[in-house]
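Engineer: This is the content of protein.txt (compact mmCIF, N, CA and C atoms):
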# COMPACT_ATOMS: atom_id res chain seq x y z
N MET A 427 -2.81 -22.45 7.27
CA MET A 427 -2.71 -21.25 6.48
C MET A 427 -3.69 -20.18 6.94
N LYS A 428 -4.67 -20.55 7.77
CA LYS A 428 -5.61 -19.55 8.25
C LYS A 428 -4.90 -18.48 9.06
N ARG A 429 -3.88 -18.89 9.82
CA ARG A 429 -3.13 -17.91 10.61
C ARG A 429 -2.43 -16.90 9.71
N VAL A 430 -1.86 -17.38 8.61
CA VAL A 430 -1.16 -16.48 7.68
C VAL A 430 -2.15 -15.51 7.06
N GLU A 431 -3.29 -16.03 6.63
CA GLU A 431 -4.29 -15.17 6.00
C GLU A 431 -4.81 -14.11 6.96
N ALA A 432 -4.75 -14.41 8.26
CA ALA A 432 -5.19 -13.46 9.27
C ALA A 432 -4.04 -12.57 9.75
N ASN A 433 -2.89 -12.62 9.04
CA ASN A 433 -1.70 -11.84 9.40
C ASN A 433 -1.21 -12.17 10.81
N ASP A 434 -1.40 -13.39 11.25
CA ASP A 434 -0.99 -13.82 12.58
C ASP A 434 0.48 -14.20 12.56
N PRO A 435 1.35 -13.45 13.28
CA PRO A 435 2.77 -13.77 13.27
C PRO A 435 3.11 -15.11 13.89
N VAL A 436 2.19 -15.72 14.62
CA VAL A 436 2.43 -17.04 15.20
C VAL A 436 2.66 -18.07 14.11
N ALA A 437 2.04 -17.87 12.96
CA ALA A 437 2.20 -18.83 11.85
C ALA A 437 3.66 -18.97 11.46
N SER A 438 4.38 -17.87 11.42
CA SER A 438 5.78 -17.95 11.03
C SER A 438 6.61 -18.62 12.11
N LYS A 439 6.21 -18.47 13.36
CA LYS A 439 6.95 -19.10 14.45
C LYS A 439 6.79 -20.61 14.44
N LEU A 440 5.79 -21.10 13.74
CA LEU A 440 5.58 -22.54 13.65
C LEU A 440 6.49 -23.18 12.61
N GLY A 441 7.28 -22.36 11.91
CA GLY A 441 8.29 -22.89 10.98
C GLY A 441 7.80 -23.15 9.57
N ASP A 442 6.69 -22.60 9.19
CA ASP A 442 6.15 -22.81 7.85
C ASP A 442 6.79 -21.82 6.88
N ALA A 443 7.59 -22.33 5.93
CA ALA A 443 8.28 -21.46 4.98
C ALA A 443 7.29 -20.64 4.17
N GLU A 444 6.19 -21.24 3.78
CA GLU A 444 5.18 -20.51 3.01
C GLU A 444 4.59 -19.37 3.83
N ALA A 445 4.44 -19.57 5.15
CA ALA A 445 3.94 -18.50 6.02
C ALA A 445 4.90 -17.33 6.01
N HIS A 446 6.20 -17.62 6.04
CA HIS A 446 7.19 -16.55 6.00
C HIS A 446 7.13 -15.80 4.67
N VAL A 447 6.94 -16.51 3.57
CA VAL A 447 6.84 -15.86 2.26
C VAL A 447 5.63 -14.93 2.23
N ARG A 448 4.52 -15.41 2.74
CA ARG A 448 3.31 -14.58 2.74
C ARG A 448 3.46 -13.36 3.64
N LEU A 449 4.08 -13.55 4.79
CA LEU A 449 4.32 -12.40 5.67
C LEU A 449 5.26 -11.40 5.01
N ALA A 450 6.29 -11.89 4.33
CA ALA A 450 7.21 -11.00 3.61
C ALA A 450 6.45 -10.19 2.58
N SER A 451 5.53 -10.84 1.90
CA SER A 451 4.72 -10.14 0.89
C SER A 451 3.85 -9.05 1.53
N LEU A 452 3.29 -9.36 2.69
CA LEU A 452 2.47 -8.35 3.38
C LEU A 452 3.31 -7.13 3.74
N TYR A 453 4.53 -7.37 4.24
CA TYR A 453 5.41 -6.24 4.59
C TYR A 453 5.89 -5.51 3.34
N HIS A 454 6.06 -6.22 2.24
CA HIS A 454 6.49 -5.60 1.00
C HIS A 454 5.44 -4.63 0.47
N PHE A 455 4.19 -5.09 0.46
CA PHE A 455 3.11 -4.28 -0.11
C PHE A 455 2.38 -3.42 0.92
N GLY A 456 2.67 -3.63 2.20
CA GLY A 456 1.99 -2.86 3.24
C GLY A 456 0.53 -3.24 3.39
N GLN A 457 0.23 -4.51 3.22
CA GLN A 457 -1.16 -4.98 3.33
C GLN A 457 -1.44 -5.41 4.76
N GLY A 458 -2.19 -4.60 5.47
CA GLY A 458 -2.54 -4.90 6.85
C GLY A 458 -1.43 -4.58 7.84
N VAL A 459 -0.28 -4.21 7.34
CA VAL A 459 0.86 -3.82 8.17
C VAL A 459 1.55 -2.65 7.48
N GLU A 460 2.42 -1.96 8.22
CA GLU A 460 3.20 -0.90 7.60
C GLU A 460 4.28 -1.52 6.73
N LYS A 461 4.58 -0.90 5.61
CA LYS A 461 5.69 -1.39 4.78
C LYS A 461 6.95 -1.37 5.61
N ASP A 462 7.69 -2.48 5.55
CA ASP A 462 8.91 -2.59 6.34
C ASP A 462 9.86 -3.53 5.63
N VAL A 463 10.88 -2.96 4.95
CA VAL A 463 11.82 -3.76 4.17
C VAL A 463 12.60 -4.71 5.08
N GLY A 464 12.95 -4.24 6.26
CA GLY A 464 13.70 -5.09 7.19
C GLY A 464 12.94 -6.35 7.57
N LYS A 465 11.67 -6.18 7.90
CA LYS A 465 10.84 -7.35 8.25
C LYS A 465 10.58 -8.21 7.02
N GLU A 466 10.42 -7.57 5.87
CA GLU A 466 10.22 -8.32 4.63
C GLU A 466 11.42 -9.24 4.39
N ILE A 467 12.62 -8.68 4.47
CA ILE A 467 13.83 -9.46 4.24
C ILE A 467 13.99 -10.55 5.30
N HIS A 468 13.69 -10.22 6.54
CA HIS A 468 13.78 -11.21 7.62
C HIS A 468 12.92 -12.44 7.30
N HIS A 469 11.68 -12.19 6.92
CA HIS A 469 10.77 -13.31 6.63
C HIS A 469 11.19 -14.05 5.36
N MET A 470 11.74 -13.32 4.39
CA MET A 470 12.22 -13.97 3.18
C MET A 470 13.42 -14.87 3.51
N GLU A 471 14.30 -14.40 4.38
CA GLU A 471 15.44 -15.21 4.79
C GLU A 471 15.00 -16.46 5.54
N GLU A 472 14.02 -16.31 6.42
CA GLU A 472 13.50 -17.46 7.16
C GLU A 472 12.88 -18.48 6.21
N ALA A 473 12.17 -18.00 5.21
CA ALA A 473 11.57 -18.91 4.22
C ALA A 473 12.65 -19.61 3.41
N ALA A 474 13.69 -18.87 3.04
CA ALA A 474 14.79 -19.46 2.27
C ALA A 474 15.50 -20.53 3.09
N ILE A 475 15.75 -20.24 4.36
CA ILE A 475 16.37 -21.22 5.24
C ILE A 475 15.47 -22.45 5.37
N GLY A 476 14.17 -22.23 5.32
CA GLY A 476 13.20 -23.32 5.39
C GLY A 476 13.07 -24.11 4.09
N GLY A 477 13.83 -23.72 3.07
CA GLY A 477 13.85 -24.48 1.83
C GLY A 477 12.93 -23.98 0.73
N HIS A 478 12.45 -22.76 0.82
CA HIS A 478 11.54 -22.20 -0.19
C HIS A 478 12.35 -21.61 -1.34
N PRO A 479 12.34 -22.25 -2.53
CA PRO A 479 13.17 -21.76 -3.64
C PRO A 479 12.78 -20.37 -4.13
N GLY A 480 11.50 -20.05 -4.10
CA GLY A 480 11.06 -18.73 -4.54
C GLY A 480 11.59 -17.63 -3.63
N ALA A 481 11.62 -17.90 -2.34
CA ALA A 481 12.17 -16.94 -1.38
C ALA A 481 13.66 -16.75 -1.63
N ARG A 482 14.35 -17.85 -1.90
CA ARG A 482 15.79 -17.79 -2.18
C ARG A 482 16.03 -16.94 -3.43
N TYR A 483 15.21 -17.14 -4.45
CA TYR A 483 15.31 -16.36 -5.68
C TYR A 483 15.06 -14.88 -5.40
N ASP A 484 14.02 -14.58 -4.62
CA ASP A 484 13.71 -13.19 -4.29
C ASP A 484 14.86 -12.52 -3.54
N LEU A 485 15.50 -13.26 -2.65
CA LEU A 485 16.67 -12.71 -1.96
C LEU A 485 17.79 -12.40 -2.96
N GLY A 486 17.94 -13.27 -3.94
CA GLY A 486 18.93 -13.03 -4.99
C GLY A 486 18.61 -11.74 -5.75
N CYS A 487 17.35 -11.56 -6.08
CA CYS A 487 16.93 -10.34 -6.78
C CYS A 487 17.20 -9.10 -5.93
N TYR A 488 16.91 -9.21 -4.65
CA TYR A 488 17.14 -8.08 -3.74
C TYR A 488 18.63 -7.74 -3.70
N GLN A 489 19.48 -8.76 -3.57
CA GLN A 489 20.91 -8.53 -3.53
C GLN A 489 21.42 -7.97 -4.86
N ASP A 490 20.91 -8.51 -5.95
CA ASP A 490 21.28 -8.05 -7.29
C ASP A 490 20.94 -6.57 -7.45
N LYS A 491 19.74 -6.21 -7.04
CA LYS A 491 19.26 -4.83 -7.15
C LYS A 491 20.13 -3.87 -6.34
N ASN A 492 20.68 -4.37 -5.23
CA ASN A 492 21.51 -3.54 -4.36
C ASN A 492 23.00 -3.64 -4.68
N GLY A 493 23.33 -4.27 -5.82
CA GLY A 493 24.72 -4.32 -6.26
C GLY A 493 25.57 -5.40 -5.63
N ASN A 494 24.97 -6.29 -4.87
CA ASN A 494 25.71 -7.39 -4.23
C ASN A 494 25.65 -8.63 -5.12
N ILE A 495 26.33 -8.55 -6.25
CA ILE A 495 26.24 -9.59 -7.27
C ILE A 495 26.70 -10.95 -6.74
N GLU A 496 27.77 -10.95 -5.99
CA GLU A 496 28.30 -12.22 -5.47
C GLU A 496 27.27 -12.93 -4.58
N ARG A 497 26.63 -12.18 -3.70
CA ARG A 497 25.60 -12.77 -2.84
C ARG A 497 24.38 -13.16 -3.65
N ALA A 498 24.03 -12.34 -4.64
CA ALA A 498 22.89 -12.66 -5.50
C ALA A 498 23.11 -13.99 -6.21
N VAL A 499 24.31 -14.17 -6.76
CA VAL A 499 24.62 -15.40 -7.48
C VAL A 499 24.51 -16.61 -6.57
N LYS A 500 24.93 -16.46 -5.31
CA LYS A 500 24.82 -17.58 -4.36
C LYS A 500 23.36 -17.95 -4.14
N HIS A 501 22.51 -16.94 -3.99
CA HIS A 501 21.07 -17.22 -3.81
C HIS A 501 20.49 -17.86 -5.07
N TYR A 502 20.84 -17.33 -6.23
CA TYR A 502 20.34 -17.90 -7.48
C TYR A 502 20.79 -19.35 -7.62
N PHE A 503 22.04 -19.61 -7.27
CA PHE A 503 22.57 -20.97 -7.37
C PHE A 503 21.76 -21.94 -6.50
N ILE A 504 21.52 -21.56 -5.26
CA ILE A 504 20.76 -22.44 -4.35
C ILE A 504 19.34 -22.65 -4.88
N ALA A 505 18.68 -21.58 -5.30
CA ALA A 505 17.32 -21.69 -5.82
C ALA A 505 17.27 -22.57 -7.06
N ALA A 506 18.28 -22.42 -7.92
CA ALA A 506 18.32 -23.22 -9.15
C ALA A 506 18.48 -24.70 -8.83
N THR A 507 19.31 -25.01 -7.84
CA THR A 507 19.51 -26.42 -7.49
C THR A 507 18.28 -27.00 -6.80
N GLN A 508 17.33 -26.13 -6.42
CA GLN A 508 16.06 -26.58 -5.87
C GLN A 508 14.98 -26.64 -6.96
N GLY A 509 15.37 -26.36 -8.19
CA GLY A 509 14.45 -26.47 -9.31
C GLY A 509 13.78 -25.18 -9.73
N HIS A 510 14.24 -24.04 -9.26
CA HIS A 510 13.62 -22.76 -9.59
C HIS A 510 14.10 -22.28 -10.96
N ASP A 511 13.18 -22.16 -11.91
CA ASP A 511 13.52 -21.85 -13.30
C ASP A 511 14.07 -20.44 -13.51
N ASP A 512 13.46 -19.44 -12.89
CA ASP A 512 13.90 -18.06 -13.10
C ASP A 512 15.34 -17.85 -12.63
N SER A 513 15.76 -18.62 -11.63
CA SER A 513 17.13 -18.51 -11.15
C SER A 513 18.12 -18.90 -12.23
N ILE A 514 17.75 -19.87 -13.04
CA ILE A 514 18.62 -20.28 -14.14
C ILE A 514 18.83 -19.11 -15.10
N GLN A 515 17.77 -18.40 -15.40
CA GLN A 515 17.89 -17.25 -16.31
C GLN A 515 18.82 -16.19 -15.73
N CYS A 516 18.72 -15.95 -14.43
CA CYS A 516 19.60 -14.97 -13.79
C CYS A 516 21.05 -15.44 -13.80
N LEU A 517 21.25 -16.73 -13.63
CA LEU A 517 22.62 -17.26 -13.68
C LEU A 517 23.18 -17.17 -15.10
N MET A 518 22.34 -17.33 -16.10
CA MET A 518 22.78 -17.17 -17.49
C MET A 518 23.27 -15.74 -17.72
N VAL A 519 22.53 -14.77 -17.20
CA VAL A 519 22.93 -13.37 -17.32
C VAL A 519 24.24 -13.15 -16.57
N SER A 520 24.36 -13.76 -15.39
CA SER A 520 25.60 -13.64 -14.61
C SER A 520 26.78 -14.25 -15.35
N PHE A 521 26.53 -15.35 -16.03
CA PHE A 521 27.58 -15.98 -16.82
C PHE A 521 28.02 -15.06 -17.95
N LYS A 522 27.06 -14.50 -18.66
CA LYS A 522 27.37 -13.60 -19.77
C LYS A 522 28.11 -12.36 -19.29
N GLY A 523 27.83 -11.96 -18.03
CA GLY A 523 28.51 -10.81 -17.47
C GLY A 523 29.87 -11.14 -16.86
N GLY A 524 30.23 -12.43 -16.89
CA GLY A 524 31.53 -12.84 -16.37
C GLY A 524 31.58 -13.05 -14.87
N PHE A 525 30.41 -13.16 -14.22
CA PHE A 525 30.39 -13.31 -12.77
C PHE A 525 30.50 -14.77 -12.32
N ILE A 526 30.19 -15.72 -13.21
CA ILE A 526 30.34 -17.14 -12.86
C ILE A 526 31.00 -17.86 -14.03
N SER A 527 31.60 -18.99 -13.72
CA SER A 527 32.32 -19.75 -14.73
C SER A 527 31.37 -20.66 -15.50
N ARG A 528 31.86 -21.11 -16.63
CA ARG A 528 31.11 -22.07 -17.46
C ARG A 528 30.88 -23.37 -16.67
N ASP A 529 31.91 -23.80 -15.92
CA ASP A 529 31.79 -25.04 -15.15
C ASP A 529 30.72 -24.94 -14.07
N LEU A 530 30.68 -23.80 -13.37
CA LEU A 530 29.65 -23.62 -12.34
C LEU A 530 28.26 -23.59 -12.96
N LEU A 531 28.13 -22.91 -14.08
CA LEU A 531 26.84 -22.86 -14.76
C LEU A 531 26.41 -24.26 -15.20
N ALA A 532 27.33 -25.02 -15.76
CA ALA A 532 27.01 -26.38 -16.21
C ALA A 532 26.60 -27.26 -15.03
N ALA A 533 27.33 -27.16 -13.92
CA ALA A 533 26.99 -27.95 -12.73
C ALA A 533 25.61 -27.56 -12.19
N THR A 534 25.32 -26.27 -12.23
CA THR A 534 24.02 -25.79 -11.76
C THR A 534 22.90 -26.29 -12.65
N LEU A 535 23.12 -26.29 -13.95
CA LEU A 535 22.11 -26.80 -14.88
C LEU A 535 21.83 -28.28 -14.63
N ARG A 536 22.88 -29.04 -14.35
CA ARG A 536 22.69 -30.46 -14.04
C ARG A 536 21.91 -30.65 -12.74
N ALA A 537 22.26 -29.85 -11.73
CA ALA A 537 21.56 -29.95 -10.44
C ALA A 537 20.10 -29.51 -10.59
N HIS A 538 19.87 -28.49 -11.38
CA HIS A 538 18.50 -28.02 -11.64
C HIS A 538 17.67 -29.12 -12.29
N GLN A 539 18.24 -29.75 -13.31
CA GLN A 539 17.54 -30.83 -13.99
C GLN A 539 17.27 -31.99 -13.05
N ALA A 540 18.24 -32.31 -12.20
CA ALA A 540 18.06 -33.40 -11.23
C ALA A 540 16.92 -33.08 -10.26
N ALA A 541 16.83 -31.82 -9.83
CA ALA A 541 15.76 -31.41 -8.93
C ALA A 541 14.40 -31.53 -9.61
N LEU A 542 14.34 -31.13 -10.87
CA LEU A 542 13.08 -31.25 -11.62
C LEU A 542 12.69 -32.71 -11.82
N THR A 543 13.67 -33.53 -12.13
CA THR A 543 13.41 -34.96 -12.33
C THR A 543 12.94 -35.60 -11.03
N ALA A 544 13.54 -35.21 -9.92
CA ALA A 544 13.18 -35.79 -8.62
C ALA A 544 11.75 -35.44 -8.21
N THR A 545 11.24 -34.32 -8.70
CA THR A 545 9.89 -33.92 -8.32
C THR A 545 8.84 -34.36 -9.34
N THR A 546 9.27 -35.06 -10.37
CA THR A 546 8.33 -35.52 -11.39
C THR A 546 7.76 -36.87 -10.97
N CYS A 547 6.48 -36.97 -10.95
CA CYS A 547 5.81 -38.23 -10.63
C CYS A 547 4.50 -38.25 -11.40
N PRO A 548 3.87 -39.40 -11.50
CA PRO A 548 2.61 -39.47 -12.26
C PRO A 548 1.53 -38.53 -11.72
N GLN A 549 1.43 -38.39 -10.39
CA GLN A 549 0.42 -37.51 -9.83
C GLN A 549 0.68 -36.05 -10.20
N ARG A 550 1.95 -35.67 -10.25
CA ARG A 550 2.28 -34.30 -10.62
C ARG A 550 1.90 -34.04 -12.06
N LYS A 551 2.16 -35.01 -12.94
CA LYS A 551 1.80 -34.84 -14.35
C LYS A 551 0.30 -34.66 -14.51
N VAL A 552 -0.48 -35.45 -13.76
CA VAL A 552 -1.93 -35.33 -13.81
C VAL A 552 -2.35 -33.95 -13.30
N GLY A 553 -1.73 -33.50 -12.21
CA GLY A 553 -2.04 -32.19 -11.65
C GLY A 553 -1.70 -31.06 -12.62
N ASP A 554 -0.54 -31.17 -13.26
CA ASP A 554 -0.14 -30.15 -14.23
C ASP A 554 -1.11 -30.10 -15.41
N GLU A 555 -1.54 -31.26 -15.86
CA GLU A 555 -2.49 -31.34 -16.97
C GLU A 555 -3.82 -30.72 -16.56
N TYR A 556 -4.25 -31.00 -15.33
CA TYR A 556 -5.50 -30.43 -14.82
C TYR A 556 -5.41 -28.90 -14.80
N CYS A 557 -4.28 -28.36 -14.28
CA CYS A 557 -4.11 -26.90 -14.24
C CYS A 557 -4.09 -26.31 -15.63
N ARG A 558 -3.45 -26.99 -16.57
CA ARG A 558 -3.40 -26.52 -17.94
C ARG A 558 -4.79 -26.42 -18.53
N ILE A 559 -5.61 -27.44 -18.30
CA ILE A 559 -6.98 -27.46 -18.82
C ILE A 559 -7.81 -26.36 -18.16
N MET A 560 -7.66 -26.20 -16.85
CA MET A 560 -8.46 -25.21 -16.12
C MET A 560 -8.09 -23.78 -16.51
N ASN A 561 -6.85 -23.58 -16.90
CA ASN A 561 -6.39 -22.24 -17.28
C ASN A 561 -6.60 -21.94 -18.75
N SER A 562 -7.10 -22.89 -19.50
CA SER A 562 -7.32 -22.69 -20.94
C SER A 562 -8.57 -21.92 -21.21
Output the structure of this file as structure tokens.
Structural biologist:
Amino acid sequence: MKRVEANDPVASKLGDAEAHVRLASLYHFGQGVEKDVGKEIHHMEEAAIGGHPGARYDLGCYQDKNGNIERAVKHYFIAATQGHDDSIQCLMVSFKGGFISRDLLAATLRAHQAALTATTCPQRKVGDEYCRIMNS
């Protein structure tokens, strides 16, 4: 992560999805680089391809904002099946707007729950409790 913190583009070439997310953020806010939406989206796409649910969700938001609802829903669906909570909320809105079916929403909710269950372990519960205490 030192390469990412130093804005070193080599970090993203090493295939680290989190590095791509951080680089996208730098291009979004213009921190240490010029603001560049094209490069921001490129790095967000690379992170999403690398399995980063937050990047997938952000791509959905970008598509939604630009009126590409069908593409946005696809991104939200993938992020939700990876356990991303905010994507579920966006899919609920899409359902209410008539953009997705009840069956697709139900299948996505099941996949979301399965992803959350798969990532639950005793160590995670201890870690979550620790974070809760530290943030109190």
Engineer: Can you build me a table of segment 463-528 of chain A residues sitting at most 12 Å from segment 536-543 of chain A, with the closest atom pair per residue and its distance in Å to one decimal, using only C-alpha atoms, sorted by chain and residue number, as a Markdown table?
Structural biologist:
| residue | atom | partner | partner_atom | distance |
| --- | --- | --- | --- | --- |
| A:Pro479 | CA | A:Ala541 | CA | 11.3 |
| A:Tyr502 | CA | A:His538 | CA | 11.1 |
| A:Phe503 | CA | A:His538 | CA | 9.2 |
| A:Ile504 | CA | A:His538 | CA | 9.5 |
| A:Ala505 | CA | A:His538 | CA | 8.7 |
| A:Ala506 | CA | A:His538 | CA | 5.4 |
| A:Thr507 | CA | A:His538 | CA | 4.6 |
| A:Gln508 | CA | A:Ala541 | CA | 5.7 |
| A:Gly509 | CA | A:His538 | CA | 4.9 |
| A:His510 | CA | A:His538 | CA | 7.5 |
| A:Asp511 | CA | A:His538 | CA | 8.1 |
| A:Asp512 | CA | A:His538 | CA | 11.1 |
| A:Ser513 | CA | A:His538 | CA | 9.6 |
| A:Ile514 | CA | A:His538 | CA | 8.1 |
| A:Gln515 | CA | A:His538 | CA | 11.8 |
| A:Leu517 | CA | A:His538 | CA | 11.7 |
Engineer: Calculate how many Å separate atom CA of Glu466 of chain A from atom CA of Tyr453 of chain A, rounding to one decimal.
Structural biologist: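 According to the coordinates, atom CA of Glu466 of chain A and atom CA of Tyr453 of chain A are separated by 5.2 Å.
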Engineer: Hey, can you check how far atom CA of Ala474 of chain A sits from atom CA of Ala532 of chain A?
Structural biologist: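 So the answer is 23.2 Å.
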Engineer: Grab the atom C of Asp484 of chain A to atom CA of Arg558 of chain A distance for me, in Å with one decimal place.
Structural biologist: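 Interatomic distance, atom C of Asp484 of chain A to atom CA of Arg558 of chain A: 27.1 Å.
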